[in-house]
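Structure first, then comments.
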Amino acid sequence: MRTLFLVAALAATMSSAAKAEICKGRFLATVEPDGMVSAGTRAAVVRAARDGAPIRVGWELGPRRAPVLVHWQDARFITVFEDQVFAQIGDIHEQFPVSKKGQVDFPKTWSIWFASIGTDGRMVGRLSAEAAPSETRLVSHWCLAS
């Protein structure tokens, strides 16, 4: 029983250490698509937002163990509502990955993408050419920006 506890504690420590390296000592939390916090704390993100600290958000698209895309941006506007934090990101020119070529290209038509990513596991966003936003569940990492 003690060995099992030690193995679990070691795994949790290694997982937290790996997450902390994401932000080089300024890590706040990782939020899963279901809104559960898997590393750090939501309270740390809320505290940083309430204090007016600059926040950087990373989000992953694709399978949890091997995301297809990983993006990072400093939050442009922060909202704290009902103990959740929502970070607006945006003014990103539409781009698309080209599979099996390892490149990212731009479409022929010009469009800007913007979104709100929350500590509830949701991203709501749209391209400027779209009439309505769409929602995506995703993994997000929250850090203090430098």
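In the structure tokens, each chain is lettered A, B, ... as it comes, each chain's residues begin at 1, and ligands are numbered from 1 in order of appearance.
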
Point to revise | Sel. of strand (DSSP E or B) residues, segment 3-123 of chain A, as a PyMOL selection string | key: chain A and resi 27-31+37-40+55-61+69-74+77-81+84-93+96-98+103-105+112-118+122-123

Export of the given selection (N, CA and C atoms) as a short mmCIF file (atom, residue, chain, number, x, y, z; two decimals), in the first residue's frame:
```cif
data_model
loop_
_atom_site.label_atom_id
_atom_site.label_comp_id
_atom_site.auth_asym_id
_atom_site.auth_seq_id
_atom_site.Cartn_x
_atom_site.Cartn_y
_atom_site.Cartn_z
N PHE A 27 3.71 29.07 -14.22
CA PHE A 27 2.55 28.23 -14.50
C PHE A 27 1.44 28.47 -13.48
N LEU A 28 0.21 28.58 -13.94
CA LEU A 28 -0.95 28.75 -13.05
C LEU A 28 -1.84 27.51 -13.04
N ALA A 29 -2.23 27.02 -14.23
CA ALA A 29 -3.13 25.87 -14.28
C ALA A 29 -3.22 25.29 -15.68
N THR A 30 -3.61 24.02 -15.75
CA THR A 30 -4.02 23.38 -16.99
C THR A 30 -5.46 22.94 -16.79
N VAL A 31 -6.31 23.30 -17.75
CA VAL A 31 -7.73 22.98 -17.69
C VAL A 31 -8.05 22.01 -18.82
N VAL A 37 -9.53 20.89 -13.60
CA VAL A 37 -8.14 21.34 -13.57
C VAL A 37 -7.26 20.12 -13.30
N SER A 38 -6.31 19.87 -14.20
CA SER A 38 -5.45 18.69 -14.07
C SER A 38 -4.09 19.04 -13.46
N ALA A 39 -3.74 20.30 -13.42
CA ALA A 39 -2.48 20.74 -12.80
C ALA A 39 -2.65 22.20 -12.39
N GLY A 40 -2.00 22.60 -11.31
CA GLY A 40 -2.18 23.95 -10.81
C GLY A 40 -3.56 24.11 -10.21
N ILE A 55 -1.71 37.69 -18.48
CA ILE A 55 -1.89 36.24 -18.56
C ILE A 55 -1.65 35.78 -19.99
N ARG A 56 -0.97 34.65 -20.11
CA ARG A 56 -0.71 34.00 -21.40
C ARG A 56 -1.48 32.69 -21.41
N VAL A 57 -2.15 32.41 -22.53
CA VAL A 57 -2.97 31.21 -22.65
C VAL A 57 -2.44 30.35 -23.79
N GLY A 58 -2.31 29.07 -23.53
CA GLY A 58 -1.96 28.10 -24.56
C GLY A 58 -3.13 27.16 -24.72
N TRP A 59 -3.42 26.73 -25.95
CA TRP A 59 -4.52 25.79 -26.15
C TRP A 59 -4.11 24.75 -27.16
N GLU A 60 -4.64 23.55 -26.96
CA GLU A 60 -4.29 22.40 -27.77
C GLU A 60 -5.52 21.92 -28.53
N LEU A 61 -5.33 21.56 -29.79
CA LEU A 61 -6.40 20.99 -30.60
C LEU A 61 -5.94 19.62 -31.08
N LEU A 69 -2.40 20.60 -33.13
CA LEU A 69 -2.00 22.00 -33.12
C LEU A 69 -1.87 22.50 -31.68
N VAL A 70 -0.88 23.32 -31.43
CA VAL A 70 -0.72 23.98 -30.14
C VAL A 70 -0.51 25.46 -30.44
N HIS A 71 -1.27 26.31 -29.77
CA HIS A 71 -1.19 27.75 -29.98
C HIS A 71 -0.95 28.45 -28.65
N TRP A 72 -0.31 29.61 -28.68
CA TRP A 72 -0.10 30.46 -27.50
C TRP A 72 -0.36 31.90 -27.87
N GLN A 73 -0.96 32.65 -26.95
CA GLN A 73 -1.10 34.09 -27.14
C GLN A 73 -1.33 34.75 -25.78
N ASP A 74 -0.81 35.96 -25.64
CA ASP A 74 -1.13 36.75 -24.46
C ASP A 74 -2.59 37.15 -24.54
N PHE A 77 -7.77 40.67 -23.33
CA PHE A 77 -8.80 41.21 -22.45
C PHE A 77 -9.22 40.07 -21.53
N ILE A 78 -9.31 40.31 -20.24
CA ILE A 78 -9.63 39.28 -19.26
C ILE A 78 -10.95 39.62 -18.57
N THR A 79 -11.79 38.60 -18.41
CA THR A 79 -13.03 38.73 -17.64
C THR A 79 -13.03 37.68 -16.55
N VAL A 80 -13.34 38.08 -15.32
CA VAL A 80 -13.55 37.14 -14.23
C VAL A 80 -15.04 37.15 -13.95
N PHE A 81 -15.68 35.98 -14.05
CA PHE A 81 -17.12 35.88 -13.84
C PHE A 81 -17.44 34.56 -13.18
N GLN A 84 -14.70 31.95 -12.72
CA GLN A 84 -14.08 31.47 -13.95
C GLN A 84 -13.38 32.65 -14.59
N VAL A 85 -12.34 32.37 -15.36
CA VAL A 85 -11.62 33.42 -16.10
C VAL A 85 -11.82 33.16 -17.59
N PHE A 86 -12.10 34.24 -18.32
CA PHE A 86 -12.29 34.18 -19.76
C PHE A 86 -11.29 35.15 -20.39
N ALA A 87 -10.46 34.62 -21.26
CA ALA A 87 -9.41 35.42 -21.90
C ALA A 87 -9.75 35.59 -23.37
N GLN A 88 -9.86 36.84 -23.81
CA GLN A 88 -10.04 37.09 -25.23
C GLN A 88 -8.69 37.07 -25.92
N ILE A 89 -8.67 36.34 -27.00
CA ILE A 89 -7.48 36.29 -27.84
C ILE A 89 -7.93 36.64 -29.24
N GLY A 90 -7.04 37.13 -30.03
CA GLY A 90 -7.52 37.41 -31.37
C GLY A 90 -6.65 38.28 -32.22
N ASP A 91 -7.32 38.82 -33.24
CA ASP A 91 -6.65 39.53 -34.31
C ASP A 91 -5.60 38.63 -34.95
N ILE A 92 -5.99 37.39 -35.12
CA ILE A 92 -5.12 36.39 -35.74
C ILE A 92 -5.60 36.18 -37.16
N HIS A 93 -4.71 36.33 -38.13
CA HIS A 93 -5.08 36.07 -39.51
C HIS A 93 -5.38 34.59 -39.67
N PHE A 96 -4.16 27.84 -41.99
CA PHE A 96 -4.51 26.42 -41.94
C PHE A 96 -3.25 25.58 -42.12
N PRO A 97 -3.19 24.48 -41.36
CA PRO A 97 -2.03 23.60 -41.48
C PRO A 97 -2.14 22.76 -42.76
N VAL A 98 -1.02 22.47 -43.35
CA VAL A 98 -0.96 21.61 -44.52
C VAL A 98 -0.38 20.28 -44.04
N GLN A 103 3.76 22.58 -42.71
CA GLN A 103 3.71 24.02 -42.96
C GLN A 103 2.31 24.55 -42.65
N VAL A 104 2.23 25.85 -42.48
CA VAL A 104 0.98 26.54 -42.23
C VAL A 104 0.85 27.61 -43.31
N ASP A 105 -0.31 27.62 -43.99
CA ASP A 105 -0.55 28.56 -45.08
C ASP A 105 -1.72 29.47 -44.77
N ILE A 112 -10.06 37.42 -40.20
CA ILE A 112 -9.44 37.50 -38.87
C ILE A 112 -10.21 36.59 -37.92
N TRP A 113 -9.47 35.87 -37.08
CA TRP A 113 -10.07 34.97 -36.10
C TRP A 113 -9.90 35.57 -34.71
N PHE A 114 -10.90 35.40 -33.89
CA PHE A 114 -10.83 35.82 -32.50
C PHE A 114 -11.67 34.87 -31.66
N ALA A 115 -11.36 34.79 -30.36
CA ALA A 115 -12.06 33.84 -29.49
C ALA A 115 -11.94 34.25 -28.03
N SER A 116 -12.73 33.58 -27.23
CA SER A 116 -12.63 33.67 -25.77
C SER A 116 -12.37 32.26 -25.28
N ILE A 117 -11.31 32.10 -24.51
CA ILE A 117 -10.98 30.80 -23.91
C ILE A 117 -11.22 30.93 -22.42
N GLY A 118 -11.96 29.97 -21.86
CA GLY A 118 -12.29 30.05 -20.44
C GLY A 118 -11.70 28.92 -19.63
N ARG A 122 -13.85 25.63 -22.34
CA ARG A 122 -14.49 26.00 -23.60
C ARG A 122 -13.75 27.12 -24.32
N MET A 123 -13.75 27.04 -25.64
CA MET A 123 -13.31 28.15 -26.46
C MET A 123 -14.48 28.50 -27.38
#
```

Check your understanding: DSSP says alpha helix (DSSP H) for which residues of chain A? Put them as a PyMOL selection string?
Key -> chain A and resi 2-22+42-50

Practice item. Provide the atom CA of Ala131 of chain A to atom CA of Thr109 of chain A distance in Å, to one decimal place. Key: 16.1 Å

Review point. Between atom CA of Arg42 of chain A and atom CA of Arg126 of chain A, what is the distance, to one decimal in Å?
Key: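 Pair atom CA of Arg42 of chain A / atom CA of Arg126 of chain A returns 25.5 Å.
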
Check your understanding: Which of these residues is nearest to Phe106 of chain A, using only C-alpha atoms: A:Leu138, A:Ala66, A:Ala75, A:Glu94?
Key -> A:Glu94

Point to revise | Residue among A:Met36, A:Cys23, A:Pro67, A:Trp142 lying closest to Gly121 of chain A, counting only C-alpha atoms | key: A:Met36

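Residue nearest Ala49 of chain A within the list A:Lys24, A:Ser134, A:Ala145, A:Gly125: A:Ala145 [criterion: smallest interatomic distance, only C-alpha atoms].
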
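Relative to atom CA of Thr41 of chain A, atom CA of Arg137 of chain A is found at 18.8 Å.
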